[in-house]
$ cat target.cif   # mmCIF, C-alpha atoms
data_my_file
#
loop_
_atom_site.label_atom_id
_atom_site.label_comp_id
_atom_site.auth_asym_id
_atom_site.auth_seq_id
_atom_site.Cartn_x
_atom_site.Cartn_y
_atom_site.Cartn_z
CA MET A 233 -9.73 36.49 -7.07
CA ARG A 234 -11.07 33.02 -7.76
CA GLU A 235 -9.33 31.11 -10.55
CA PRO A 236 -11.59 30.02 -13.45
CA TRP A 237 -10.54 26.38 -13.20
CA THR A 238 -11.91 26.26 -9.65
CA ASP A 239 -15.29 27.35 -10.99
CA VAL A 240 -15.07 24.70 -13.73
CA ASP A 241 -14.32 22.04 -11.10
CA ARG A 242 -17.40 23.04 -9.10
CA TYR A 243 -19.54 23.19 -12.25
CA ALA A 244 -18.43 19.74 -13.43
CA GLU A 245 -18.85 18.23 -9.97
CA GLU A 246 -22.41 19.55 -9.73
CA LEU A 247 -23.20 18.02 -13.12
CA LEU A 248 -21.38 14.70 -12.90
CA LEU A 249 -20.94 13.81 -9.23
CA SER A 250 -23.88 12.94 -7.01
CA PRO A 251 -23.84 13.92 -3.31
CA ASP A 252 -22.16 11.15 -1.35
CA PRO A 253 -22.53 11.17 2.45
CA ILE A 254 -19.89 8.46 2.89
CA LEU A 255 -17.22 10.43 1.05
CA SER A 256 -18.27 13.64 2.78
CA ALA A 257 -18.01 11.93 6.16
CA ALA A 258 -14.53 10.68 5.26
CA LEU A 259 -13.42 14.23 4.57
CA GLU A 260 -15.06 15.55 7.73
CA SER A 261 -13.54 12.90 9.99
CA SER A 262 -10.12 13.41 8.43
CA ALA A 263 -10.32 17.15 9.06
CA ALA A 264 -11.55 16.60 12.62
CA ALA A 265 -8.57 14.34 13.29
CA GLY A 266 -6.17 17.00 12.02
CA LEU A 267 -5.09 15.21 8.86
CA PRO A 268 -3.65 17.56 6.22
CA PRO A 269 -6.19 18.43 3.46
CA ILE A 270 -4.04 16.98 0.68
CA GLN A 271 -6.37 14.26 -0.57
CA VAL A 272 -7.41 14.21 -4.23
CA SER A 273 -10.29 16.41 -5.35
CA PRO A 274 -13.75 14.91 -5.98
CA SER A 275 -13.18 15.03 -9.75
CA GLN A 276 -9.81 13.33 -9.36
CA GLY A 277 -11.44 10.75 -7.10
CA LYS A 278 -14.01 10.01 -9.79
CA PHE A 279 -11.16 9.61 -12.29
CA LEU A 280 -9.51 7.11 -9.95
CA HIS A 281 -12.82 5.27 -9.72
CA LEU A 282 -13.38 5.12 -13.48
CA LEU A 283 -9.85 4.01 -14.35
CA PRO A 284 -9.95 0.58 -12.63
CA ARG A 285 -13.47 0.05 -13.93
CA GLY A 286 -12.25 0.75 -17.46
CA ILE A 287 -9.46 -1.82 -17.26
CA GLY A 288 -11.50 -4.39 -15.32
CA ALA A 289 -9.19 -4.25 -12.30
CA ARG A 290 -9.61 -6.89 -9.63
CA SER A 291 -6.64 -5.91 -7.48
CA ILE A 292 -5.33 -2.46 -6.56
CA LEU A 293 -2.27 -1.25 -4.68
CA GLU A 294 -2.22 2.22 -3.11
CA VAL A 295 0.89 3.87 -1.68
CA GLY A 296 -0.32 6.59 0.69
CA THR A 297 -3.68 6.11 2.43
CA LEU A 298 -4.12 9.33 4.43
CA GLY A 299 -7.81 9.26 5.50
CA ALA A 300 -8.84 6.74 2.79
CA TYR A 301 -10.74 9.25 0.63
CA SER A 302 -9.01 8.06 -2.56
CA THR A 303 -9.07 4.51 -1.20
CA ILE A 304 -12.87 4.56 -1.07
CA TRP A 305 -13.10 5.81 -4.65
CA LEU A 306 -10.74 3.06 -5.81
CA ALA A 307 -12.22 0.22 -3.76
CA ARG A 308 -15.74 0.95 -4.94
CA ALA A 309 -14.58 0.15 -8.48
CA LEU A 310 -13.62 -3.39 -7.52
CA PRO A 311 -15.91 -6.41 -7.85
CA GLY A 312 -17.02 -8.13 -4.65
CA SER A 313 -14.09 -10.52 -4.85
CA GLY A 314 -11.61 -7.72 -5.51
CA ARG A 315 -8.83 -6.66 -3.16
CA LEU A 316 -7.09 -3.39 -2.39
CA VAL A 317 -3.93 -3.06 -0.30
CA SER A 318 -3.16 0.46 0.93
CA LEU A 319 0.14 1.41 2.57
CA GLU A 320 0.26 4.17 5.20
CA LEU A 321 3.23 5.35 7.24
CA ASN A 322 1.35 7.18 10.00
CA PRO A 323 -0.56 4.97 12.50
CA ALA A 324 -2.91 7.84 13.41
CA HIS A 325 -3.82 8.33 9.76
CA ALA A 326 -4.40 4.59 9.40
CA THR A 327 -6.81 4.63 12.33
CA VAL A 328 -8.88 7.35 10.68
CA ALA A 329 -8.70 5.54 7.35
CA ARG A 330 -9.92 2.24 8.79
CA ALA A 331 -12.88 3.96 10.45
CA ASN A 332 -13.78 5.65 7.16
CA LEU A 333 -13.49 2.34 5.28
CA ALA A 334 -15.69 0.61 7.87
CA ARG A 335 -18.33 3.31 7.46
CA ALA A 336 -18.14 2.77 3.69
CA GLY A 337 -18.62 -1.00 4.13
CA LEU A 338 -15.29 -1.78 2.48
CA THR A 339 -13.33 -3.56 5.20
CA ASP A 340 -13.88 -6.88 3.45
CA ARG A 341 -11.91 -5.82 0.40
CA VAL A 342 -9.40 -3.26 1.73
CA GLU A 343 -6.34 -3.92 3.87
CA VAL A 344 -4.45 -0.97 5.34
CA ARG A 345 -0.85 -1.81 6.20
CA VAL A 346 1.06 0.52 8.52
CA GLY A 347 4.77 1.22 8.20
CA PRO A 348 7.31 2.67 5.78
CA ALA A 349 6.29 1.79 2.23
CA LEU A 350 9.86 0.83 1.37
CA GLU A 351 9.51 -1.93 3.96
CA SER A 352 5.93 -2.91 3.09
CA LEU A 353 6.51 -3.13 -0.68
CA PRO A 354 9.32 -5.72 -0.58
CA ARG A 355 7.29 -7.62 2.00
CA LEU A 356 4.42 -7.82 -0.50
CA VAL A 357 6.83 -9.21 -3.08
CA ALA A 358 8.15 -11.78 -0.59
CA GLU A 359 4.57 -12.83 0.20
CA GLY A 360 3.84 -13.38 -3.47
CA ALA A 361 1.18 -10.64 -3.46
CA GLY A 362 -0.18 -9.38 -6.72
CA PRO A 363 0.07 -8.93 -9.52
CA PHE A 364 -1.90 -5.74 -9.03
CA ASP A 365 -3.90 -4.47 -11.99
CA LEU A 366 -3.63 -0.84 -10.87
CA THR A 367 -1.29 1.02 -8.54
CA PHE A 368 -1.88 4.55 -7.26
CA ILE A 369 1.17 6.27 -5.74
CA ASP A 370 0.40 9.37 -3.67
CA ALA A 371 2.91 9.50 -0.84
CA ASP A 372 6.07 11.39 0.16
CA LYS A 373 7.89 12.45 -2.98
CA PRO A 374 11.64 11.88 -2.41
CA PRO A 375 11.38 8.04 -2.72
CA THR A 376 8.90 8.10 -5.63
CA ALA A 377 11.36 6.37 -7.97
CA GLU A 378 11.71 3.47 -5.53
CA TYR A 379 7.95 3.26 -4.96
CA PHE A 380 7.45 3.06 -8.72
CA ASP A 381 10.10 0.38 -9.16
CA TRP A 382 8.44 -1.84 -6.57
CA ALA A 383 5.04 -1.14 -8.14
CA VAL A 384 6.29 -2.45 -11.48
CA ARG A 385 7.58 -5.61 -9.82
CA LEU A 386 4.14 -6.09 -8.29
CA SER A 387 2.43 -5.64 -11.66
CA ARG A 388 1.84 -7.67 -14.83
CA PRO A 389 2.01 -6.67 -18.48
CA GLY A 390 -0.98 -4.38 -18.99
CA SER A 391 -1.12 -3.12 -15.40
CA VAL A 392 -1.56 0.63 -14.95
CA ILE A 393 0.42 2.81 -12.52
CA VAL A 394 -0.63 6.37 -11.61
CA VAL A 395 1.80 8.65 -9.77
CA ASP A 396 0.19 11.81 -8.41
CA ASN A 397 1.63 15.32 -7.87
CA VAL A 398 4.47 15.16 -10.37
CA VAL A 399 4.22 18.72 -11.75
CA ARG A 400 4.52 20.60 -8.44
CA GLN A 401 3.04 23.87 -9.80
CA GLY A 402 5.56 23.75 -12.63
CA ALA A 403 8.57 23.56 -10.32
CA VAL A 404 9.49 20.13 -11.69
CA ALA A 405 10.83 21.80 -14.84
CA HIS A 406 13.50 23.68 -12.87
CA GLU A 407 16.25 22.16 -10.73
CA GLU A 408 17.63 25.39 -9.28
CA GLY A 409 16.20 26.06 -5.84
CA ALA A 410 14.12 22.90 -5.94
CA ASP A 411 13.02 21.38 -2.62
CA ALA A 412 13.30 17.70 -1.71
CA ALA A 413 9.86 16.87 -3.13
CA VAL A 414 10.65 18.41 -6.51
CA LEU A 415 14.08 16.78 -6.63
CA GLY A 416 12.48 13.43 -5.82
CA ILE A 417 10.01 13.80 -8.67
CA ARG A 418 12.75 14.92 -11.07
CA ARG A 419 14.77 11.84 -10.14
CA PHE A 420 11.71 9.64 -10.69
CA LEU A 421 10.95 11.15 -14.10
CA SER A 422 14.59 10.91 -15.16
CA ARG A 423 14.63 7.22 -14.36
CA LEU A 424 11.19 6.75 -15.89
CA SER A 425 12.50 8.07 -19.20
CA GLY A 426 14.91 5.13 -19.44
CA ASP A 427 12.66 2.44 -17.95
CA ARG A 428 12.14 -0.14 -20.68
CA ARG A 429 9.49 -1.96 -18.65
CA VAL A 430 6.79 0.68 -19.16
CA SER A 431 5.23 3.18 -21.55
CA ALA A 432 4.51 6.45 -19.76
CA THR A 433 3.43 10.06 -20.03
CA VAL A 434 2.81 13.08 -17.78
CA VAL A 435 -0.52 14.93 -17.82
CA GLN A 436 -0.78 18.42 -16.32
CA THR A 437 -3.93 19.31 -14.39
CA VAL A 438 -5.57 22.42 -12.95
CA GLY A 439 -8.52 22.60 -10.60
CA ARG A 440 -9.47 23.19 -6.99
CA LYS A 441 -6.19 21.46 -5.99
CA GLY A 442 -4.24 24.05 -7.98
CA TYR A 443 -1.71 23.41 -10.74
CA ASP A 444 -0.18 19.95 -10.73
CA GLY A 445 -0.34 16.73 -12.72
CA PHE A 446 0.19 12.99 -12.72
CA ALA A 447 2.29 10.38 -14.47
CA LEU A 448 0.47 7.50 -16.12
CA ALA A 449 2.35 4.32 -17.02
CA VAL A 450 1.32 1.03 -18.58
CA VAL A 451 3.53 -1.93 -17.80
CA ASP A 452 4.94 -3.65 -20.89
CA ALA A 453 7.23 -6.12 -19.12
CA VAL A 454 7.95 -6.89 -15.48
CA ALA A 455 11.45 -8.37 -15.87
CA GLU A 456 14.30 -6.21 -14.65
CA ARG A 457 15.51 -3.77 -17.29
CA PRO A 458 18.15 -1.02 -17.24
CA LEU A 459 16.92 2.24 -15.74
CA ALA A 460 18.39 5.70 -16.25
CA ASP A 461 19.53 7.32 -13.03
CA ALA A 462 19.40 11.01 -12.28
CA ASN A 463 22.52 11.58 -14.37
CA GLY A 464 21.14 9.64 -17.32
CA SER A 465 23.50 6.69 -16.98
CA ALA A 466 22.19 3.14 -17.04
CA ARG A 467 21.89 0.92 -13.99
CA ARG A 468 20.13 -2.29 -13.08
CA ALA A 469 16.94 -2.21 -11.03
CA THR A 470 17.61 -3.53 -7.55
#
$ encode --input "target.cif" --output "structure tokens"
Amino acid sequence: MREPWTDVDRYAEELLLSPDPILSAALESSAAAGLPPIQVSPSQGKFLHLLPRGIGARSILEVGTLGAYSTIWLARALPGSGRLVSLELNPAHATVARANLARAGLTDRVEVRVGPALESLPRLVAEGAGPFDLTFIDADKPPTAEYFDWAVRLSRPGSVIVVDNVVRQGAVAHEEGADAAVLGIRRFLSRLSGDRRVSATVVQTVGRKGYDGFALAVVDAVAERPLADANGSARRAT
């Protein structure tokens, strides 16, 4: 039995999204290379495209490139002088992503960096990169809290941070029997609740990608502030 929200996704995409051979080719090449089909949906991609346009973003940071499907949506929102840095752990994924970005004509504004994000993010800080106007975090879930902390440091007041897949089909509301991904998101949200640097919310979503959701945060201040750890006690950001 097909879920009604899947039909709504298809209906809305037919109305509001034009056929795009570049994006279709990115999906096809990713599938041919054996990449997991975990990229955002077309409607979510359009959301990621409209968000930086709405805030006038000139610089974007992405944590988790995969085959660059979301990267293309994001980079197309940038002006010609804009810049996007995308971090990818897997070299094979990065190779596919770079080919897809080249086909999209975006190599002049997108840099894909390969390696663990928890090494690449502090390196960006050391290089004086940023501030980024928008950060999209869509990577492995256990270190999400750390990814977010580095994203804030690489932001400015008014920057927007989107963290994908934070509802986990509702599992995030229950700790018992939770897997590492759910526990990582719970730890992130617990710390987010005490993070005085940002204003944030969680939005649940349904669609062809199933039942999930994202966290949306606006940076109020970049200076280090006390965070709440998983037990609710205060600590300093490190």
$ resolve_selection --input "target.cif" --expression "the PyMOL selection byres ((chain A and resi 267) around 9)" --output "PyMOL selection string"
chain A and resi 261-266+268-270+298-299+324-325+328
$ write_last_selection --input "target.cif" --atoms "C-alpha atoms" --output "PDB file, in the coordinates of the input"
ATOM      1  CA  SER A 261     -13.540  12.900   9.990  1.00  0.00           C
ATOM      2  CA  SER A 262     -10.120  13.410   8.430  1.00  0.00           C
ATOM      3  CA  ALA A 263     -10.320  17.150   9.060  1.00  0.00           C
ATOM      4  CA  ALA A 264     -11.550  16.600  12.620  1.00  0.00           C
ATOM      5  CA  ALA A 265      -8.570  14.340  13.290  1.00  0.00           C
ATOM      6  CA  GLY A 266      -6.170  17.000  12.020  1.00  0.00           C
ATOM      7  CA  PRO A 268      -3.650  17.560   6.220  1.00  0.00           C
ATOM      8  CA  PRO A 269      -6.190  18.430   3.460  1.00  0.00           C
ATOM      9  CA  ILE A 270      -4.040  16.980   0.680  1.00  0.00           C
ATOM     10  CA  LEU A 298      -4.120   9.330   4.430  1.00  0.00           C
ATOM     11  CA  GLY A 299      -7.810   9.260   5.500  1.00  0.00           C
ATOM     12  CA  ALA A 324      -2.910   7.840  13.410  1.00  0.00           C
ATOM     13  CA  HIS A 325      -3.820   8.330   9.760  1.00  0.00           C
ATOM     14  CA  VAL A 328      -8.880   7.350  10.680  1.00  0.00           C
TER      15      VAL A 328
END
$ residues_around --input "target.cif" --residues "Ile417 (chain A)" --least-positions-apart "4" --cutoff "7 Å" --atoms "all atoms listed in the file" --output "CSV table (one decimal) with C-alpha atoms, in the coordinates of the input"
chain,number,residue,atom,x,y,z
A,373,LYS,CA,7.9,12.4,-3.0
A,374,PRO,CA,11.6,11.9,-2.4
A,376,THR,CA,8.9,8.1,-5.6
A,398,VAL,CA,4.5,15.2,-10.4
A,413,ALA,CA,9.9,16.9,-3.1
A,421,LEU,CA,11.0,11.2,-14.1
$ resolve_selection --input "target.cif" --expression "the PyMOL selection byres ((chain A and resi 258) around 9)" --output "ChimeraX atom specification"
/A:253-257,259-263,299-301,304,328-329,331-333,335-336
$ axis_aligned_box --input "target.cif" --around "region 327-345 of chain A" --padding-each-side "3 Å" --output "JSON"
{"center_x": -9.7, "center_y": 0.2, "center_z": 6.4, "size_x": 23.8, "size_y": 20.2, "size_z": 17.9}
$ closest_residue --input "target.cif" --among "A:Pro389, A:Gly409, A:Gly445, A:Pro284" --to "Leu366 (chain A)" --atoms "all atoms listed in the file"
A:Pro284
$ residues_around --input "target.cif" --residues "Tyr443 (chain A)" --least-positions-apart "4" --cutoff "9 Å" --atoms "only C-alpha atoms" --output "VMD selection string"
chain A and resid 399 to 402 436 to 439
